[in-house]
$ cat upload_25.txt   # compact mmCIF, C-alpha atoms
# COMPACT_ATOMS: atom_id res chain seq x y z
CA MET A 1 29.21 20.04 11.50
CA ARG A 2 26.86 20.50 8.57
CA TYR A 3 23.87 18.16 8.53
CA ILE A 4 20.92 17.09 6.43
CA ILE A 5 17.89 15.90 8.39
CA SER A 6 14.86 14.19 6.90
CA THR A 7 11.65 12.82 8.40
CA LEU A 8 9.15 10.21 7.30
CA GLY A 9 5.83 9.42 8.92
CA CYS A 10 3.60 10.92 11.56
CA LYS A 11 3.46 14.16 13.53
CA VAL A 12 5.20 12.44 16.43
CA ASN A 13 8.19 11.84 14.16
CA GLN A 14 8.03 15.46 13.04
CA PHE A 15 8.03 16.60 16.66
CA GLU A 16 10.99 14.39 17.53
CA THR A 17 12.93 15.61 14.50
CA GLN A 18 12.45 19.25 15.48
CA ALA A 19 13.64 18.39 19.00
CA MET A 20 16.78 16.78 17.59
CA GLU A 21 17.39 19.73 15.29
CA THR A 22 16.96 22.12 18.21
CA ARG A 23 19.66 20.22 20.12
CA LEU A 24 21.97 20.13 17.08
CA GLN A 25 21.74 23.89 16.67
CA GLU A 26 22.24 24.45 20.40
CA HIS A 27 25.55 22.61 19.95
CA GLY A 28 26.56 24.90 17.11
CA HIS A 29 25.77 22.62 14.17
CA GLN A 30 24.09 24.00 11.05
CA PRO A 31 21.85 22.58 8.33
CA CYS A 32 23.41 22.32 4.89
CA ALA A 33 22.70 25.12 2.47
CA PRO A 34 21.89 24.08 -1.11
CA GLY A 35 25.02 22.69 -2.75
CA GLU A 36 26.95 22.22 0.50
CA ILE A 37 28.51 18.89 1.43
CA ALA A 38 27.01 17.28 4.53
CA ASP A 39 29.06 15.86 7.38
CA ALA A 40 26.02 13.91 8.62
CA VAL A 41 22.81 12.69 7.04
CA ILE A 42 20.11 12.04 9.65
CA VAL A 43 16.90 10.16 8.82
CA ASN A 44 13.95 9.63 11.16
CA THR A 45 12.16 6.62 9.67
CA CYS A 46 8.63 5.19 9.64
CA ALA A 47 7.31 1.63 9.57
CA VAL A 48 3.56 1.99 10.04
CA THR A 49 2.96 0.14 6.75
CA ALA A 50 5.05 -2.01 4.46
CA GLU A 51 5.05 0.91 2.03
CA SER A 52 6.43 3.16 4.78
CA GLY A 53 9.27 0.71 5.29
CA ARG A 54 9.99 0.65 1.58
CA LYS A 55 10.06 4.46 1.45
CA SER A 56 12.42 4.54 4.44
CA ARG A 57 14.87 2.18 2.70
CA GLN A 58 14.58 4.12 -0.54
CA LEU A 59 15.31 7.44 1.16
CA LEU A 60 18.29 6.02 3.05
CA ARG A 61 19.87 4.69 -0.14
CA ARG A 62 19.27 7.91 -2.04
CA LEU A 63 20.74 10.17 0.64
CA ARG A 64 23.66 7.78 1.14
CA ASP A 65 24.48 7.88 -2.56
CA GLU A 66 24.08 11.67 -2.76
CA ASN A 67 26.38 12.21 0.26
CA PRO A 68 29.07 9.51 0.00
CA GLY A 69 31.38 11.05 2.58
CA ALA A 70 28.77 11.75 5.23
CA VAL A 71 27.91 9.79 8.36
CA LEU A 72 24.55 8.08 7.80
CA ALA A 73 22.56 8.17 11.06
CA VAL A 74 19.16 6.49 11.32
CA CYS A 75 16.49 6.40 14.00
CA GLY A 76 12.76 5.78 14.19
CA CYS A 77 10.32 2.92 13.83
CA TYR A 78 11.89 1.30 10.76
CA SER A 79 15.34 1.02 12.31
CA GLN A 80 13.69 -0.18 15.55
CA LEU A 81 12.16 -3.11 13.64
CA SER A 82 14.95 -3.71 11.13
CA PRO A 83 18.36 -2.67 12.52
CA GLU A 84 20.18 -5.33 10.50
CA GLU A 85 18.74 -4.13 7.20
CA THR A 86 19.49 -0.54 8.24
CA ALA A 87 23.12 -1.55 8.83
CA ARG A 88 23.32 -3.29 5.44
CA ILE A 89 22.23 -0.04 3.79
CA GLY A 90 25.31 1.56 5.34
CA ALA A 91 24.18 3.38 8.49
CA GLN A 92 26.97 4.06 10.97
CA VAL A 93 24.63 5.26 13.75
CA ILE A 94 21.50 3.18 14.35
CA PHE A 95 18.94 3.93 17.05
CA GLY A 96 15.32 2.88 17.35
CA ALA A 97 12.26 4.84 18.45
CA ALA A 98 13.70 6.18 21.72
CA ASP A 99 16.57 8.21 23.23
CA ARG A 100 16.56 11.07 20.74
CA MET A 101 19.08 13.18 22.68
CA ALA A 102 21.46 10.22 23.04
CA PHE A 103 21.08 9.72 19.30
CA VAL A 104 22.24 13.30 18.65
CA GLU A 105 25.30 12.72 20.83
CA ALA A 106 26.08 9.52 18.93
CA VAL A 107 25.89 11.41 15.62
CA GLU A 108 28.37 13.96 16.97
CA ARG A 109 30.78 11.22 18.06
CA ALA A 110 30.52 9.52 14.68
CA VAL A 111 31.43 12.74 12.86
CA GLN A 112 34.16 13.83 15.26
CA GLU A 113 35.73 10.47 16.16
CA GLY A 114 34.47 7.99 13.59
CA GLN A 115 32.67 6.02 16.31
CA ARG A 116 29.91 3.70 15.16
CA THR A 117 26.93 3.18 17.48
CA ARG A 118 24.02 0.77 17.45
CA SER A 119 21.51 1.26 20.28
CA VAL A 120 18.14 -0.38 19.70
CA ASP A 121 16.33 -1.06 22.96
CA GLU A 122 13.44 -3.30 24.01
CA PRO A 123 10.36 -1.08 23.60
CA PHE A 124 8.30 -2.62 26.41
CA ARG A 125 11.01 -1.83 28.95
CA ARG A 126 10.53 1.90 28.47
CA ARG A 127 8.93 3.38 31.57
CA GLN A 128 9.09 7.16 31.20
CA LEU A 129 8.51 9.62 28.40
CA GLU A 130 11.70 11.25 27.22
CA LYS A 131 11.33 14.99 27.81
CA LEU A 132 11.96 16.79 24.54
CA PRO A 133 11.61 20.52 23.91
CA ALA A 134 8.40 21.66 22.24
CA GLY A 135 8.93 23.69 19.12
CA ALA A 136 8.75 23.69 15.35
CA LEU A 137 10.81 22.64 12.37
CA GLU A 138 12.64 25.52 10.76
CA GLY A 139 10.28 27.85 8.91
CA ARG A 140 7.10 26.59 10.58
CA THR A 141 4.55 28.90 12.19
CA ARG A 142 2.93 26.32 14.48
CA ALA A 143 4.69 24.48 17.27
CA MET A 144 4.27 20.88 18.38
CA LEU A 145 4.31 19.29 21.81
CA LYS A 146 4.40 15.53 22.32
CA ILE A 147 2.32 14.71 25.38
CA GLN A 148 2.27 10.93 25.07
CA ASP A 149 4.08 7.96 23.53
CA GLY A 150 3.40 4.25 23.19
CA CYS A 151 0.28 2.20 22.52
CA VAL A 152 -1.13 -1.02 23.96
CA ASN A 153 -4.28 -1.32 21.84
CA PHE A 154 -2.69 -4.07 19.72
CA CYS A 155 -4.92 -3.59 16.70
CA SER A 156 -4.47 -6.71 14.61
CA TYR A 157 -2.96 -4.85 11.62
CA CYS A 158 -0.59 -2.54 13.51
CA ILE A 159 3.13 -2.88 14.24
CA ILE A 160 3.46 0.35 16.24
CA PRO A 161 3.07 -1.17 19.76
CA TYR A 162 6.14 -3.25 18.95
CA THR A 163 8.19 -0.15 18.08
CA ARG A 164 6.85 2.43 20.53
CA GLY A 165 6.21 0.22 23.56
CA ARG A 166 4.06 0.86 26.60
CA LEU A 167 2.13 4.03 27.40
CA ARG A 168 4.12 6.98 28.73
CA SER A 169 2.76 10.47 29.35
CA LEU A 170 4.18 13.94 29.89
CA PRO A 171 3.26 15.15 33.41
CA LEU A 172 0.72 17.96 33.53
CA GLU A 173 3.17 20.46 35.01
CA ASP A 174 5.69 19.75 32.24
CA ALA A 175 3.04 20.13 29.53
CA ALA A 176 2.01 23.47 31.04
CA ALA A 177 5.62 24.68 31.34
CA GLU A 178 6.44 23.76 27.73
CA THR A 179 3.29 25.55 26.56
CA ALA A 180 4.33 28.72 28.40
CA ARG A 181 7.78 28.55 26.83
CA ILE A 182 6.33 28.17 23.33
CA ARG A 183 3.88 31.03 23.93
CA GLU A 184 6.77 33.31 24.87
CA GLN A 185 8.46 32.49 21.55
CA GLY A 186 5.53 34.04 19.70
CA PHE A 187 3.85 30.99 18.18
CA ARG A 188 0.11 31.28 17.56
CA GLU A 189 -0.77 27.60 17.35
CA LEU A 190 0.27 24.55 19.37
CA VAL A 191 -0.34 21.02 18.13
CA LEU A 192 -0.65 18.38 20.85
CA THR A 193 0.54 15.07 19.49
CA GLY A 194 1.27 11.52 20.57
CA ILE A 195 1.03 7.95 19.40
CA GLU A 196 -2.29 7.33 21.20
CA VAL A 197 -3.23 10.52 23.03
CA ALA A 198 -6.61 9.15 24.13
CA SER A 199 -4.70 7.05 26.69
CA TYR A 200 -2.90 10.08 28.11
CA GLY A 201 -2.24 9.88 31.84
CA VAL A 202 -2.91 6.21 32.61
CA ASP A 203 0.72 5.88 33.72
CA LEU A 204 0.81 9.06 35.83
CA PRO A 205 0.02 9.46 39.54
CA GLY A 206 -3.67 10.18 39.96
CA LYS A 207 -4.31 9.11 36.35
CA PRO A 208 -5.20 12.51 34.85
CA GLY A 209 -6.98 12.22 31.52
CA LEU A 210 -6.55 13.91 28.17
CA ALA A 211 -9.08 16.60 29.10
CA ASP A 212 -7.00 17.44 32.18
CA CYS A 213 -3.92 17.84 30.01
CA ILE A 214 -5.72 20.06 27.50
CA GLU A 215 -7.07 22.25 30.30
CA ALA A 216 -3.58 22.61 31.81
CA VAL A 217 -2.14 23.55 28.41
CA ALA A 218 -5.00 25.97 27.68
CA LYS A 219 -4.32 27.90 30.90
CA GLU A 220 -0.79 28.69 29.66
CA ALA A 221 -1.62 29.12 25.97
CA GLY A 222 -2.29 32.85 26.03
CA ASP A 223 -3.34 33.86 22.50
CA MET A 224 -2.27 30.53 20.98
CA ARG A 225 -4.90 28.22 19.61
CA ILE A 226 -4.62 24.49 20.31
CA ARG A 227 -4.91 21.76 17.70
CA LEU A 228 -5.25 18.09 18.61
CA GLY A 229 -3.64 15.10 16.95
CA SER A 230 -5.47 11.89 16.11
CA LEU A 231 -8.14 10.78 18.61
CA GLU A 232 -9.70 7.44 19.40
CA PRO A 233 -13.51 7.83 19.37
CA THR A 234 -13.73 6.17 22.78
CA VAL A 235 -12.28 9.27 24.48
CA ILE A 236 -15.03 11.52 23.10
CA THR A 237 -17.71 11.79 25.76
CA GLU A 238 -20.13 14.52 26.81
CA ASP A 239 -17.83 15.57 29.64
CA PHE A 240 -14.76 15.58 27.36
CA CYS A 241 -16.45 17.81 24.78
CA ARG A 242 -17.91 20.15 27.39
CA ARG A 243 -14.54 20.70 29.05
CA LEU A 244 -12.69 21.23 25.77
CA ALA A 245 -15.26 23.70 24.49
CA ALA A 246 -15.05 25.63 27.75
CA THR A 247 -11.34 26.37 27.20
CA GLY A 248 -12.15 28.50 24.15
CA LYS A 249 -8.80 27.46 22.65
CA LEU A 250 -9.53 24.39 20.54
CA CYS A 251 -9.33 24.40 16.77
CA ARG A 252 -12.51 22.98 15.26
CA HIS A 253 -10.73 20.13 13.54
CA PHE A 254 -10.80 16.61 14.94
CA HIS A 255 -9.06 13.66 13.31
CA LEU A 256 -10.69 10.38 14.36
CA SER A 257 -9.28 6.89 13.92
CA LEU A 258 -12.05 5.08 12.04
CA GLN A 259 -10.21 2.39 9.95
CA SER A 260 -13.47 0.72 8.80
CA GLY A 261 -17.16 1.54 8.61
CA CYS A 262 -18.13 -2.12 8.99
CA ASP A 263 -18.65 -3.62 12.46
CA ARG A 264 -17.51 -7.07 11.39
CA THR A 265 -14.24 -5.67 10.07
CA LEU A 266 -13.73 -3.46 13.13
CA LYS A 267 -13.97 -6.55 15.32
CA ALA A 268 -11.42 -8.39 13.16
CA MET A 269 -9.14 -5.35 13.45
CA ASN A 270 -9.43 -5.55 17.27
CA ARG A 271 -10.69 -1.99 17.42
CA LYS A 272 -12.32 -0.98 20.71
CA TYR A 273 -15.58 0.49 19.36
CA ASP A 274 -18.30 -0.15 16.81
CA THR A 275 -19.83 2.17 14.23
CA ALA A 276 -22.62 3.23 16.61
CA ARG A 277 -20.07 4.44 19.18
CA PHE A 278 -18.06 6.18 16.47
CA PHE A 279 -21.09 7.99 15.07
CA ALA A 280 -22.10 9.09 18.56
CA ALA A 281 -18.65 10.68 18.88
CA THR A 282 -19.16 12.66 15.66
CA GLU A 283 -22.53 13.93 16.88
CA LEU A 284 -21.05 15.07 20.20
CA LEU A 285 -18.24 16.95 18.49
CA ARG A 286 -20.62 18.68 16.10
CA ARG A 287 -22.91 19.69 18.97
CA TYR A 288 -20.12 21.28 21.02
CA PHE A 289 -18.06 22.59 18.09
CA PRO A 290 -20.58 23.70 15.42
CA GLY A 291 -19.19 23.61 11.90
CA CYS A 292 -16.18 21.55 12.94
CA ALA A 293 -14.15 19.57 10.42
CA LEU A 294 -14.05 15.84 11.05
CA THR A 295 -11.39 13.82 9.27
CA CYS A 296 -10.44 10.17 9.58
CA ASP A 297 -8.21 7.29 8.53
CA LEU A 298 -9.65 4.39 6.56
CA ILE A 299 -8.10 1.04 5.62
CA THR A 300 -9.53 -0.76 2.59
CA GLY A 301 -9.21 -4.42 1.68
CA PHE A 302 -8.63 -5.80 5.17
CA PRO A 303 -8.36 -9.62 5.25
CA GLY A 304 -11.81 -11.18 4.94
CA GLU A 305 -13.48 -7.95 3.87
CA THR A 306 -16.34 -8.71 1.47
CA ASP A 307 -18.11 -6.63 -1.13
CA ALA A 308 -20.97 -6.25 1.36
CA ASP A 309 -18.54 -4.99 4.01
CA GLN A 310 -17.21 -2.42 1.54
CA THR A 311 -20.74 -1.28 0.73
CA GLU A 312 -21.42 -0.90 4.46
CA THR A 313 -18.24 1.15 4.90
CA LEU A 314 -19.05 3.47 1.99
CA ALA A 315 -22.52 4.12 3.37
CA PHE A 316 -21.12 4.81 6.84
CA ILE A 317 -18.47 7.31 5.77
CA GLU A 318 -21.10 9.19 3.79
CA LYS A 319 -23.32 9.23 6.87
CA CYS A 320 -20.45 10.73 8.89
CA ALA A 321 -19.91 13.49 6.26
CA PHE A 322 -16.16 13.79 6.77
CA SER A 323 -14.47 16.96 5.57
CA ASP A 324 -11.47 14.91 4.41
CA MET A 325 -10.11 11.37 4.69
CA HIS A 326 -6.78 9.55 4.63
CA ILE A 327 -7.40 6.30 2.78
CA PHE A 328 -4.91 3.43 2.68
CA PRO A 329 -5.10 0.00 1.06
CA TYR A 330 -4.39 -2.57 3.77
CA SER A 331 -0.65 -3.21 4.09
CA ARG A 332 0.57 -6.53 5.50
CA ARG A 333 3.08 -6.24 8.33
CA PRO A 334 4.99 -9.37 9.39
CA GLY A 335 4.64 -9.87 13.13
CA THR A 336 1.02 -8.73 13.31
CA PRO A 337 -2.00 -11.07 13.66
CA ALA A 338 -3.61 -9.72 10.48
CA ASP A 339 -0.62 -10.85 8.44
CA GLN A 340 -1.55 -14.46 9.22
CA MET A 341 -5.29 -14.11 8.59
CA PRO A 342 -6.83 -16.08 5.74
CA GLU A 343 -8.71 -14.47 2.85
CA GLN A 344 -6.11 -11.80 2.10
CA CYS A 345 -7.41 -9.42 -0.55
CA THR A 346 -5.45 -8.96 -3.74
CA HIS A 347 -3.54 -5.74 -4.36
CA ALA A 348 -5.92 -4.95 -7.20
CA LEU A 349 -9.01 -5.35 -5.01
CA LYS A 350 -7.51 -3.27 -2.17
CA ALA A 351 -6.68 -0.51 -4.64
CA LEU A 352 -10.15 -0.66 -6.23
CA ARG A 353 -11.83 -0.29 -2.86
CA ALA A 354 -9.51 2.59 -1.97
CA ARG A 355 -10.54 4.36 -5.18
CA GLU A 356 -14.22 3.80 -4.40
CA ALA A 357 -13.78 5.27 -0.92
CA GLN A 358 -11.72 8.15 -2.31
CA ALA A 359 -14.52 9.06 -4.71
CA VAL A 360 -16.93 9.41 -1.79
CA ALA A 361 -14.31 11.32 0.23
CA ALA A 362 -13.66 13.75 -2.62
CA ARG A 363 -17.35 14.51 -2.95
CA MET A 364 -17.66 15.16 0.81
CA HIS A 365 -14.53 17.30 0.82
CA ARG A 366 -15.86 19.47 -1.98
CA ALA A 367 -19.16 19.88 -0.16
CA TYR A 368 -17.37 20.99 3.02
CA LEU A 369 -15.29 23.52 1.09
CA GLU A 370 -18.40 24.97 -0.51
CA GLN A 371 -20.21 25.12 2.84
CA SER A 372 -17.41 27.39 4.08
CA VAL A 373 -18.15 30.13 1.52
CA GLY A 374 -19.67 33.13 3.29
CA LEU A 375 -18.26 32.19 6.69
CA THR A 376 -15.61 34.10 8.61
CA LEU A 377 -12.79 31.80 9.72
CA PRO A 378 -9.67 32.44 11.82
CA VAL A 379 -6.62 31.73 9.64
CA LEU A 380 -2.99 31.31 10.71
CA PHE A 381 -0.89 32.45 7.75
CA GLU A 382 2.17 30.36 6.91
CA THR A 383 3.44 32.03 3.74
CA GLY A 384 3.33 35.67 2.75
CA GLU A 385 4.47 35.97 -0.86
CA GLU A 386 2.26 36.25 -3.96
CA GLY A 387 -0.64 36.63 -1.58
CA SER A 388 -0.74 34.86 1.76
CA LEU A 389 -1.65 31.23 2.49
CA GLY A 390 -2.63 29.68 5.78
CA HIS A 391 -4.91 27.21 7.50
CA SER A 392 -8.23 27.93 9.12
CA ASP A 393 -9.13 26.51 12.51
CA THR A 394 -10.99 23.84 10.51
CA TYR A 395 -7.70 22.99 8.76
CA LEU A 396 -8.69 24.25 5.34
CA LEU A 397 -6.11 26.03 3.19
CA VAL A 398 -7.06 29.67 2.67
CA LYS A 399 -5.56 32.30 0.35
CA VAL A 400 -5.91 36.07 0.49
CA GLU A 401 -4.35 38.60 -1.90
CA GLN A 402 -2.43 40.58 0.73
CA GLU A 403 1.26 39.76 1.12
CA GLY A 404 3.38 39.78 4.27
CA LEU A 405 0.91 38.10 6.64
CA ARG A 406 3.09 35.14 7.63
CA GLY A 407 2.77 34.29 11.32
CA GLN A 408 -0.41 36.32 11.84
CA LEU A 409 -3.70 34.85 13.02
CA LEU A 410 -6.48 36.85 11.34
CA ASP A 411 -10.19 36.53 10.61
CA VAL A 412 -10.93 35.94 6.94
CA LYS A 413 -14.28 36.07 5.19
CA ILE A 414 -14.43 33.20 2.70
CA THR A 415 -15.51 34.33 -0.76
CA GLY A 416 -14.95 31.29 -2.97
CA VAL A 417 -13.33 27.94 -3.69
CA ASP A 418 -10.29 27.49 -5.93
CA GLY A 419 -9.50 23.80 -6.34
CA GLU A 420 -8.34 22.49 -2.96
CA ARG A 421 -8.23 25.87 -1.24
CA LEU A 422 -10.55 28.62 -0.16
CA LEU A 423 -10.31 32.25 -1.25
CA GLY A 424 -11.05 35.09 1.10
CA VAL A 425 -10.60 38.67 2.20
CA LEU A 426 -9.48 39.98 5.55
CA ARG A 427 -12.51 40.77 7.65
CA PHE A 428 -11.51 44.36 8.37
CA GLU A 429 -11.59 45.01 4.60
CA ASN A 430 -15.15 43.76 4.17

$ encode --input "upload_25.txt" --output "structure tokens"
Amino acid sequence: MRYIISTLGCKVNQFETQAMETRLQEHGHQPCAPGEIADAVIVNTCAVTAESGRKSRQLLRRLRDENPGAVLAVCGCYSQLSPEETARIGAQVIFGAADRMAFVEAVERAVQEGQRTRSVDEPFRRRQLEKLPAGALEGRTRAMLKIQDGCVNFCSYCIIPYTRGRLRSLPLEDAAAETARIREQGFRELVLTGIEVASYGVDLPGKPGLADCIEAVAKEAGDMRIRLGSLEPTVITEDFCRRLAATGKLCRHFHLSLQSGCDRTLKAMNRKYDTARFFAATELLRRYFPGCALTCDLITGFPGETDADQTETLAFIEKCAFSDMHIFPYSRRPGTPADQMPEQCTHALKALRAREAQAVAARMHRAYLEQSVGLTLPVLFETGEEGSLGHSDTYLLVKVEQEGLRGQLLDVKITGVDGERLLGVLRFEN
């Protein structure tokens, strides 16, 4: 069959989509070329915010209308939460946020036999992590490996525990074996991802931690570098940083879940740290990984947030000197405690505070770009036409004039800044 596959949301969704596409192609199915008619349209949805849900519905309707004869197959967090609405949109195959390989089989049956399937489980009954092949979406130069799923933090604004369920981890030996397989395929970067990777291993015998997993992966990584997904600041200790630095494999980019720079708001969010603990984490990372890029998520306009709280947050993010930030106005999610909190901020106020935070973030981002001029950075090139573009270990976009470098990991001396990217020359040409 010919298929179209589309993904919304986080890196975990991206990983699961590439695993499904790997299985589809193993079974002889092919992605649609431009202009071809699809037999199946597959959408991996997101529901982390109300806006994510809206985008999922919008994409489903658009692809349905563009491919009227195709089977519409839907999985992911949105269909986990809203299977009835997904069915009303016209999906013939509906799964939730689990059983990706069974989902592929259901898509095949729908195309071949016209069989409709709805299989949305109870998330908190999941006990083991589904083993999916590490790899990359077509055309990518870096591979992904999901080492963990689920979350039980129950932050007051977040719906994800109700879609992803309890904590499940990939055993150390499986993580190592998948890393070796990816290395043999010639990838130069491996991204370790999960819903809440800081909790890695709590469900496994002996309770290995995230540092144990990273060390096991690093031993099999060969000449691949390792990039981490989002981290909770509570996992960042002296021992954690020392062990990671000792591997010599880690990219100097760490994405930390901040959400607010105000202690009062963090407590209302049911986060498990305060700003002092968060800042201590940033100092540890900078000590063990000099020049590292620190990025974060920030939610503005949380219920009850005052002008003073916003001022406190703006001062704190500036103190942290992030290289970049993902900033989101607070999005109400039915079924979460925050949805029922009093003193909900207006859309206009949430947007205003997001713009204020973005102005600070843009200034810090520019400063970090400019600080990179004159440095030599390792860059993994992802495109090789009209010059070559790639990302440094600090996750900055870098361009050099040479063509044909795609897939190569090379040292680049940074010579300037051009908008959102750095300019450089290959070190051996200096």

$ atom_distance --input "upload_25.txt" --atom1 "atom CA of Ala38 of chain A" --atom2 "atom CA of Lys146 of chain A"
28.8 Å

$ atom_distance --input "upload_25.txt" --atom1 "atom CA of Ile4 of chain A" --atom2 "atom CA of Leu170 of chain A"
29.0 Å

$ closest_residue --input "upload_25.txt" --among "A:Asp393, A:Asp263, A:Asp324, A:Asp297" --to "Val360 of chain A" --atoms "only C-alpha atoms"
A:Asp324

$ closest_atom_pairs --input "upload_25.txt" --of "segment 270-333 of chain A" --to "segment 150-154 of chain A" --cutoff "9 Å" --atoms "all atoms listed in the file" --output "CSV"
residue,atom,partner,partner_atom,distance
A:Asn270,CA,A:Phe154,CA,7.3
A:Arg271,CA,A:Asn153,CA,7.8
A:Lys272,CA,A:Asn153,CA,8.1

$ atom_distance --input "upload_25.txt" --atom1 "atom CA of Glu51 of chain A" --atom2 "atom CA of Arg100 of chain A"
24.2 Å

$ closest_atom_pairs --input "upload_25.txt" --of "segment 193-285 of chain A" --to "segment 127-131 of chain A" --cutoff "12 Å" --atoms "all atoms listed in the file" --output "JSON lines"
{"residue": "A:Gly194", "atom": "CA", "partner": "A:Leu129", "partner_atom": "CA", "distance": 10.8}
{"residue": "A:Ile195", "atom": "CA", "partner": "A:Leu129", "partner_atom": "CA", "distance": 11.8}
{"residue": "A:Tyr200", "atom": "CA", "partner": "A:Leu129", "partner_atom": "CA", "distance": 11.4}
{"residue": "A:Gly201", "atom": "CA", "partner": "A:Leu129", "partner_atom": "CA", "distance": 11.3}
{"residue": "A:Asp203", "atom": "CA", "partner": "A:Gln128", "partner_atom": "CA", "distance": 8.8}
{"residue": "A:Leu204", "atom": "CA", "partner": "A:Gln128", "partner_atom": "CA", "distance": 9.7}

$ closest_residue --input "upload_25.txt" --among "A:Tyr3, A:Pro329, A:Glu305, A:Arg252" --to "Val379 of chain A" --atoms "only C-alpha atoms"
A:Arg252

$ closest_residue --input "upload_25.txt" --among "A:Lys219, A:Arg109, A:Arg61, A:His29" --to "Glu178 of chain A" --atoms "all atoms listed in the file"
A:Lys219

$ residues_around --input "upload_25.txt" --residues "Gly384 of chain A" --least-positions-apart "3" --cutoff "8 Å" --atoms "all atoms listed in the file" --output "mmCIF file with C-alpha atoms, in the coordinates of the input"
data_model
loop_
_atom_site.group_PDB
_atom_site.id
_atom_site.type_symbol
_atom_site.label_atom_id
_atom_site.label_comp_id
_atom_site.auth_asym_id
_atom_site.auth_seq_id
_atom_site.Cartn_x
_atom_site.Cartn_y
_atom_site.Cartn_z
ATOM 1 C CA PHE A 381 -0.890 32.450 7.750
ATOM 2 C CA GLY A 387 -0.640 36.630 -1.580
ATOM 3 C CA SER A 388 -0.740 34.860 1.760
ATOM 4 C CA LEU A 389 -1.650 31.230 2.490
ATOM 5 C CA GLN A 402 -2.430 40.580 0.730
ATOM 6 C CA GLU A 403 1.260 39.760 1.120
ATOM 7 C CA GLY A 404 3.380 39.780 4.270
ATOM 8 C CA LEU A 405 0.910 38.100 6.640
ATOM 9 C CA ARG A 406 3.090 35.140 7.630
#

$ residues_around --input "upload_25.txt" --residues "Asn13 of chain A" --least-positions-apart "2" --cutoff "10 Å" --atoms "all atoms listed in the file" --output "PyMOL selection string"
chain A and resi 7-11+15-19+44-46+75-77+97+146+193-195

$ write_last_selection --input "upload_25.txt" --atoms "C-alpha atoms" --output "PDB file, in the coordinates of the input"
ATOM      1  CA  THR A   7      11.650  12.820   8.400  1.00  0.00           C
ATOM      2  CA  LEU A   8       9.150  10.210   7.300  1.00  0.00           C
ATOM      3  CA  GLY A   9       5.830   9.420   8.920  1.00  0.00           C
ATOM      4  CA  CYS A  10       3.600  10.920  11.560  1.00  0.00           C
ATOM      5  CA  LYS A  11       3.460  14.160  13.530  1.00  0.00           C
ATOM      6  CA  PHE A  15       8.030  16.600  16.660  1.00  0.00           C
ATOM      7  CA  GLU A  16      10.990  14.390  17.530  1.00  0.00           C
ATOM      8  CA  THR A  17      12.930  15.610  14.500  1.00  0.00           C
ATOM      9  CA  GLN A  18      12.450  19.250  15.480  1.00  0.00           C
ATOM     10  CA  ALA A  19      13.640  18.390  19.000  1.00  0.00           C
ATOM     11  CA  ASN A  44      13.950   9.630  11.160  1.00  0.00           C
ATOM     12  CA  THR A  45      12.160   6.620   9.670  1.00  0.00           C
ATOM     13  CA  CYS A  46       8.630   5.190   9.640  1.00  0.00           C
ATOM     14  CA  CYS A  75      16.490   6.400  14.000  1.00  0.00           C
ATOM     15  CA  GLY A  76      12.760   5.780  14.190  1.00  0.00           C
ATOM     16  CA  CYS A  77      10.320   2.920  13.830  1.00  0.00           C
ATOM     17  CA  ALA A  97      12.260   4.840  18.450  1.00  0.00           C
ATOM     18  CA  LYS A 146       4.400  15.530  22.320  1.00  0.00           C
ATOM     19  CA  THR A 193       0.540  15.070  19.490  1.00  0.00           C
ATOM     20  CA  GLY A 194       1.270  11.520  20.570  1.00  0.00           C
ATOM     21  CA  ILE A 195       1.030   7.950  19.400  1.00  0.00           C
TER      22      ILE A 195
END

$ closest_residue --input "upload_25.txt" --among "A:Cys320, A:Ala70, A:Leu60, A:Leu349" --to "Leu285 of chain A" --atoms "all atoms listed in the file"
A:Cys320

$ closest_residue --input "upload_25.txt" --among "A:Leu352, A:Val41, A:Ile299, A:Val197" --to "Leu258 of chain A" --atoms "all atoms listed in the file"
A:Ile299

$ residues_near_point --input "upload_25.txt" --point "(21.8, 17.3, 11.9)" --cutoff "8 Å" --atoms "all atoms listed in the file" --output "PyMOL selection string"
chain A and resi 1-5+20-21+24+29-31+40-42+104

$ residues_near_point --input "upload_25.txt" --point "(-20.1, -5.5, 1.8)" --cutoff "12 Å" --atoms "all atoms listed in the file" --output "list in words"
Ser260, Gly261, Cys262, Asp263, Arg264, Thr265, Thr300, Gly301, Phe302, Gly304, Glu305, Thr306, Asp307, Ala308, Asp309, Gln310, Thr311, Glu312, Thr313, Leu314, Ala315, Phe316 and Arg353 of chain A

$ residues_around --input "upload_25.txt" --residues "Phe254 of chain A" --least-positions-apart "2" --cutoff "7 Å" --atoms "all atoms listed in the file" --output "PyMOL selection string"
chain A and resi 228+252+256+293-295
